[in-house]
Amino acid sequence: MQIEMVKNAGGVFCPAFEHDLPRLTKFKNGEMYTAELKLTRHPIFHKKMFVFFHFCFQHWSGENAGYECSDEATQFEEFRKNLTILAGFFETVTTIRGEVRVRAKSLSFGSMEQDDFERCYSAMINAAIKHVFAGTRDENILNRLQNFF
């Protein structure tokens with residue numbers, strides 16, 4: 001399980017996003033767990049990217065993509081990966097059966113340089129405008145979308 005965490009005062013790590021809280025309920029208080037921690041890129045910019053993903057996700061429907069039976073965290077993860085691919089940040093792989101597939105590039109600090117991440121962010125906005133918000137006329141949504149530029 002991978003969850004974005006933020007370190008707070010006193011050394012306490014908390015989930016960065018509210019949708020991850022239910023995933024943590026399976027862990028018992030007082031038990032010992034092993035965690036591998038990795039520093040993400042500039043936390044404010046990284047958070048802005050994920051706030052943007054969540055904003056887009058709120059206006060997208062899992063039912064239209066065949067994910068209606070998946071939980072919200074799974075739907076969000078698939079949505080995030082697909083938007084990344086639509087933005088042009090993907091790798092092409094060939095399966096053992098010879099099928100060609102595309103996989104979203106990782107946005108992690110160790111996998112993408114800051115310049116590439118900034119280009120990716122800009123491309124995400126363009127992909128979202130084209131594929132998520134196409135035809136939107138709601139001024140509230142358009143104003144909120146404008147704030148991400």
# chains A, B, ... in the order shown; residues from 1 in each chain; ligands from 1
call {"tool": "residues_around", "arguments": {"residues": "region 12-20 of chain A", "least_positions_apart": "6", "cutoff": "9 Å", "atoms": "only C-alpha atoms", "output": "PyMOL selection string"}}
result
chain A and resi 3-6+47+50-51+72-73
call {"tool": "write_last_selection", "arguments": {"atoms": "all heavy atoms", "output": "short mmCIF file (atom, residue, chain, number, x, y, z; two decimals), in the first residue's frame"}}
result
data_model
loop_
_atom_site.label_atom_id
_atom_site.label_comp_id
_atom_site.auth_asym_id
_atom_site.auth_seq_id
_atom_site.Cartn_x
_atom_site.Cartn_y
_atom_site.Cartn_z
N ILE A 3 0.74 5.38 0.40
CA ILE A 3 -0.08 6.52 0.83
C ILE A 3 0.84 7.71 1.01
O ILE A 3 1.90 7.61 1.63
CB ILE A 3 -0.81 6.22 2.17
CG1 ILE A 3 -1.79 5.06 1.99
CG2 ILE A 3 -1.54 7.45 2.67
CD1 ILE A 3 -2.48 4.64 3.26
N GLU A 4 0.45 8.84 0.45
CA GLU A 4 1.21 10.07 0.64
C GLU A 4 0.99 10.55 2.08
O GLU A 4 -0.14 10.63 2.54
CB GLU A 4 0.74 11.16 -0.33
CG GLU A 4 0.82 10.77 -1.79
CD GLU A 4 2.24 10.65 -2.29
OE1 GLU A 4 3.11 11.41 -1.82
OE2 GLU A 4 2.47 9.79 -3.15
N MET A 5 2.10 10.83 2.77
CA MET A 5 2.02 11.24 4.17
C MET A 5 2.71 12.59 4.35
O MET A 5 3.60 12.95 3.59
CB MET A 5 2.71 10.20 5.06
CG MET A 5 2.19 8.78 4.91
SD MET A 5 0.53 8.56 5.51
CE MET A 5 0.83 8.30 7.22
N VAL A 6 2.30 13.30 5.39
CA VAL A 6 2.91 14.57 5.76
C VAL A 6 3.37 14.44 7.20
O VAL A 6 2.63 13.95 8.06
CB VAL A 6 1.89 15.73 5.65
CG1 VAL A 6 2.48 17.04 6.16
CG2 VAL A 6 1.42 15.88 4.22
N LYS A 47 1.65 18.74 -3.91
CA LYS A 47 0.29 18.80 -3.36
C LYS A 47 -0.65 19.49 -4.35
O LYS A 47 -1.78 19.05 -4.54
CB LYS A 47 0.29 19.53 -2.02
CG LYS A 47 -1.06 19.55 -1.36
CD LYS A 47 -1.00 20.17 0.01
CE LYS A 47 -2.37 20.12 0.67
NZ LYS A 47 -2.36 20.61 2.03
N PHE A 50 -1.79 17.06 -6.91
CA PHE A 50 -2.80 16.11 -6.44
C PHE A 50 -4.12 16.79 -6.11
O PHE A 50 -5.19 16.19 -6.27
CB PHE A 50 -2.26 15.27 -5.28
CG PHE A 50 -1.49 14.09 -5.79
CD1 PHE A 50 -0.14 14.22 -6.13
CD2 PHE A 50 -2.10 12.87 -5.98
CE1 PHE A 50 0.57 13.16 -6.65
CE2 PHE A 50 -1.40 11.79 -6.50
CZ PHE A 50 -0.06 11.94 -6.84
N VAL A 51 -4.09 18.05 -5.70
CA VAL A 51 -5.34 18.82 -5.54
C VAL A 51 -6.00 18.95 -6.91
O VAL A 51 -7.22 18.80 -7.03
CB VAL A 51 -5.07 20.19 -4.89
CG1 VAL A 51 -6.28 21.10 -4.99
CG2 VAL A 51 -4.66 20.02 -3.43
N GLU A 72 -13.43 3.96 -4.26
CA GLU A 72 -13.04 5.30 -4.69
C GLU A 72 -11.53 5.45 -4.86
O GLU A 72 -11.06 6.09 -5.79
CB GLU A 72 -13.55 6.34 -3.71
CG GLU A 72 -13.32 7.76 -4.18
CD GLU A 72 -13.94 8.81 -3.28
OE1 GLU A 72 -14.93 8.51 -2.60
OE2 GLU A 72 -13.42 9.93 -3.26
N ALA A 73 -10.75 4.84 -3.97
CA ALA A 73 -9.29 4.95 -4.06
C ALA A 73 -8.79 4.32 -5.36
O ALA A 73 -7.90 4.87 -6.03
CB ALA A 73 -8.62 4.31 -2.85
#
call {"tool": "closest_residue", "arguments": {"among": "A:Thr94, A:Asn143, A:Gln2, A:Asn29", "to": "Glu77 (chain A)", "atoms": "only C-alpha atoms"}}
result
A:Gln2
call {"tool": "closest_residue", "arguments": {"among": "A:Phe133, A:Gln114, A:Ile85, A:Phe52", "to": "Phe149 (chain A)", "atoms": "only C-alpha atoms"}}
result
A:Phe52
call {"tool": "atom_distance", "arguments": {"atom1": "CA of Ser122 (chain A)", "atom2": "CA of Phe76 (chain A)"}}
result
19.8 Å
call {"tool": "select_by_dssp", "arguments": {"residues": "region 2-104 of chain A", "states": "alpha helix (DSSP H)", "output": "number ranges by chain"}}
result
A: 21-24, 43-58, 72-86
call {"tool": "write_last_selection", "arguments": {"atoms": "N, CA and C atoms", "output": "JSON list (two decimals), in the first residue's frame"}}
result
[["chain", "number", "residue", "atom", "x", "y", "z"],
["A", 21, "LEU", "N", -7.75, 8.05, 4.42],
["A", 21, "LEU", "CA", -8.06, 7.71, 5.81],
["A", 21, "LEU", "C", -8.71, 6.33, 5.96],
["A", 22, "PRO", "N", -9.72, 5.99, 5.16],
["A", 22, "PRO", "CA", -10.34, 4.67, 5.33],
["A", 22, "PRO", "C", -9.37, 3.51, 5.09],
["A", 23, "ARG", "N", -8.36, 3.71, 4.26],
["A", 23, "ARG", "CA", -7.39, 2.65, 3.98],
["A", 23, "ARG", "C", -6.53, 2.36, 5.21],
["A", 24, "LEU", "N", -6.41, 3.33, 6.11],
["A", 24, "LEU", "CA", -5.57, 3.15, 7.30],
["A", 24, "LEU", "C", -6.31, 2.45, 8.44],
["A", 43, "PRO", "N", 7.03, 19.75, -1.80],
["A", 43, "PRO", "CA", 5.73, 19.33, -1.27],
["A", 43, "PRO", "C", 4.56, 20.21, -1.70],
["A", 44, "ILE", "N", 4.76, 21.51, -1.80],
["A", 44, "ILE", "CA", 3.65, 22.40, -2.17],
["A", 44, "ILE", "C", 3.25, 22.16, -3.62],
["A", 45, "PHE", "N", 4.24, 22.03, -4.52],
["A", 45, "PHE", "CA", 3.92, 21.80, -5.92],
["A", 45, "PHE", "C", 3.33, 20.42, -6.12],
["A", 46, "HIS", "N", 3.88, 19.43, -5.43],
["A", 46, "HIS", "CA", 3.35, 18.06, -5.51],
["A", 46, "HIS", "C", 1.90, 18.05, -5.01],
["A", 47, "LYS", "N", 1.65, 18.74, -3.91],
["A", 47, "LYS", "CA", 0.29, 18.80, -3.36],
["A", 47, "LYS", "C", -0.65, 19.49, -4.35],
["A", 48, "LYS", "N", -0.16, 20.56, -4.99],
["A", 48, "LYS", "CA", -0.98, 21.26, -5.98],
["A", 48, "LYS", "C", -1.38, 20.31, -7.11],
["A", 49, "MET", "N", -0.45, 19.45, -7.54],
["A", 49, "MET", "CA", -0.76, 18.48, -8.60],
["A", 49, "MET", "C", -1.88, 17.54, -8.14],
["A", 50, "PHE", "N", -1.79, 17.06, -6.91],
["A", 50, "PHE", "CA", -2.80, 16.11, -6.44],
["A", 50, "PHE", "C", -4.12, 16.79, -6.11],
["A", 51, "VAL", "N", -4.09, 18.05, -5.70],
["A", 51, "VAL", "CA", -5.34, 18.82, -5.54],
["A", 51, "VAL", "C", -6.00, 18.95, -6.91],
["A", 52, "PHE", "N", -5.19, 19.19, -7.94],
["A", 52, "PHE", "CA", -5.72, 19.27, -9.30],
["A", 52, "PHE", "C", -6.33, 17.93, -9.72],
["A", 53, "PHE", "N", -5.62, 16.83, -9.46],
["A", 53, "PHE", "CA", -6.17, 15.51, -9.77],
["A", 53, "PHE", "C", -7.53, 15.31, -9.10],
["A", 54, "HIS", "N", -7.62, 15.68, -7.83],
["A", 54, "HIS", "CA", -8.88, 15.48, -7.09],
["A", 54, "HIS", "C", -9.98, 16.38, -7.64],
["A", 55, "PHE", "N", -9.64, 17.61, -8.00],
["A", 55, "PHE", "CA", -10.61, 18.52, -8.61],
["A", 55, "PHE", "C", -11.16, 17.90, -9.90],
["A", 56, "CYS", "N", -10.27, 17.39, -10.74],
["A", 56, "CYS", "CA", -10.69, 16.75, -11.99],
["A", 56, "CYS", "C", -11.51, 15.49, -11.71],
["A", 57, "PHE", "N", -11.06, 14.71, -10.74],
["A", 57, "PHE", "CA", -11.73, 13.45, -10.40],
["A", 57, "PHE", "C", -13.17, 13.69, -9.96],
["A", 58, "GLN", "N", -13.41, 14.80, -9.27],
["A", 58, "GLN", "CA", -14.77, 15.13, -8.82],
["A", 58, "GLN", "C", -15.73, 15.34, -9.98],
["A", 72, "GLU", "N", -13.43, 3.96, -4.26],
["A", 72, "GLU", "CA", -13.04, 5.30, -4.69],
["A", 72, "GLU", "C", -11.53, 5.45, -4.86],
["A", 73, "ALA", "N", -10.75, 4.84, -3.97],
["A", 73, "ALA", "CA", -9.29, 4.95, -4.06],
["A", 73, "ALA", "C", -8.79, 4.32, -5.36],
["A", 74, "THR", "N", -9.36, 3.17, -5.75],
["A", 74, "THR", "CA", -8.97, 2.50, -6.99],
["A", 74, "THR", "C", -9.38, 3.33, -8.20],
["A", 75, "GLN", "N", -10.60, 3.88, -8.15],
["A", 75, "GLN", "CA", -11.06, 4.74, -9.24],
["A", 75, "GLN", "C", -10.14, 5.94, -9.40],
["A", 76, "PHE", "N", -9.78, 6.56, -8.27],
["A", 76, "PHE", "CA", -8.91, 7.73, -8.33],
["A", 76, "PHE", "C", -7.56, 7.37, -8.93],
["A", 77, "GLU", "N", -6.98, 6.26, -8.49],
["A", 77, "GLU", "CA", -5.66, 5.86, -8.97],
["A", 77, "GLU", "C", -5.69, 5.60, -10.49],
["A", 78, "GLU", "N", -6.73, 4.92, -10.96],
["A", 78, "GLU", "CA", -6.86, 4.67, -12.40],
["A", 78, "GLU", "C", -7.06, 5.98, -13.16],
["A", 79, "PHE", "N", -7.88, 6.87, -12.60],
["A", 79, "PHE", "CA", -8.11, 8.17, -13.22],
["A", 79, "PHE", "C", -6.80, 8.94, -13.34],
["A", 80, "ARG", "N", -6.03, 8.98, -12.26],
["A", 80, "ARG", "CA", -4.75, 9.70, -12.23],
["A", 80, "ARG", "C", -3.80, 9.15, -13.30],
["A", 81, "LYS", "N", -3.72, 7.83, -13.38],
["A", 81, "LYS", "CA", -2.84, 7.21, -14.37],
["A", 81, "LYS", "C", -3.30, 7.52, -15.79],
["A", 82, "ASN", "N", -4.59, 7.44, -16.03],
["A", 82, "ASN", "CA", -5.11, 7.69, -17.38],
["A", 82, "ASN", "C", -4.93, 9.15, -17.79],
["A", 83, "LEU", "N", -5.12, 10.09, -16.87],
["A", 83, "LEU", "CA", -4.91, 11.50, -17.20],
["A", 83, "LEU", "C", -3.43, 11.75, -17.49],
["A", 84, "THR", "N", -2.55, 11.09, -16.77],
["A", 84, "THR", "CA", -1.11, 11.21, -17.01],
["A", 84, "THR", "C", -0.77, 10.72, -18.41],
["A", 85, "ILE", "N", -1.37, 9.61, -18.81],
["A", 85, "ILE", "CA", -1.15, 9.06, -20.16],
["A", 85, "ILE", "C", -1.69, 10.03, -21.21],
["A", 86, "LEU", "N", -2.90, 10.56, -20.99],
["A", 86, "LEU", "CA", -3.49, 11.50, -21.94],
["A", 86, "LEU", "C", -2.65, 12.77, -22.07]]
call {"tool": "select_by_dssp", "arguments": {"residues": "region 71-137 of chain A", "states": "strand (DSSP E)", "output": "PyMOL selection string"}}
result
chain A and resi 90-94+100-104
call {"tool": "write_last_selection", "arguments": {"atoms": "C-alpha atoms", "output": "PDB file, in the first residue's frame"}}
result
ATOM      1  CA  PHE A  90       3.790   7.370 -20.445  1.00  0.00           C
ATOM      2  CA  GLU A  91       6.042   4.469 -21.296  1.00  0.00           C
ATOM      3  CA  THR A  92       5.225   1.851 -23.897  1.00  0.00           C
ATOM      4  CA  VAL A  93       5.743  -1.744 -22.805  1.00  0.00           C
ATOM      5  CA  THR A  94       5.219  -5.103 -24.468  1.00  0.00           C
ATOM      6  CA  VAL A 100       1.701  -3.300 -26.602  1.00  0.00           C
ATOM      7  CA  ARG A 101       0.466  -1.308 -23.593  1.00  0.00           C
ATOM      8  CA  VAL A 102       1.064   2.132 -22.213  1.00  0.00           C
ATOM      9  CA  ARG A 103       1.779   2.832 -18.560  1.00  0.00           C
ATOM     10  CA  ALA A 104       1.709   6.204 -16.862  1.00  0.00           C
TER      11      ALA A 104
END
call {"tool": "atom_distance", "arguments": {"atom1": "CA of Asp115 (chain A)", "atom2": "CA of His131 (chain A)"}}
result
24.1 Å
call {"tool": "atom_distance", "arguments": {"atom1": "CA of Thr25 (chain A)", "atom2": "CA of Asp71 (chain A)"}}
result
15.0 Å
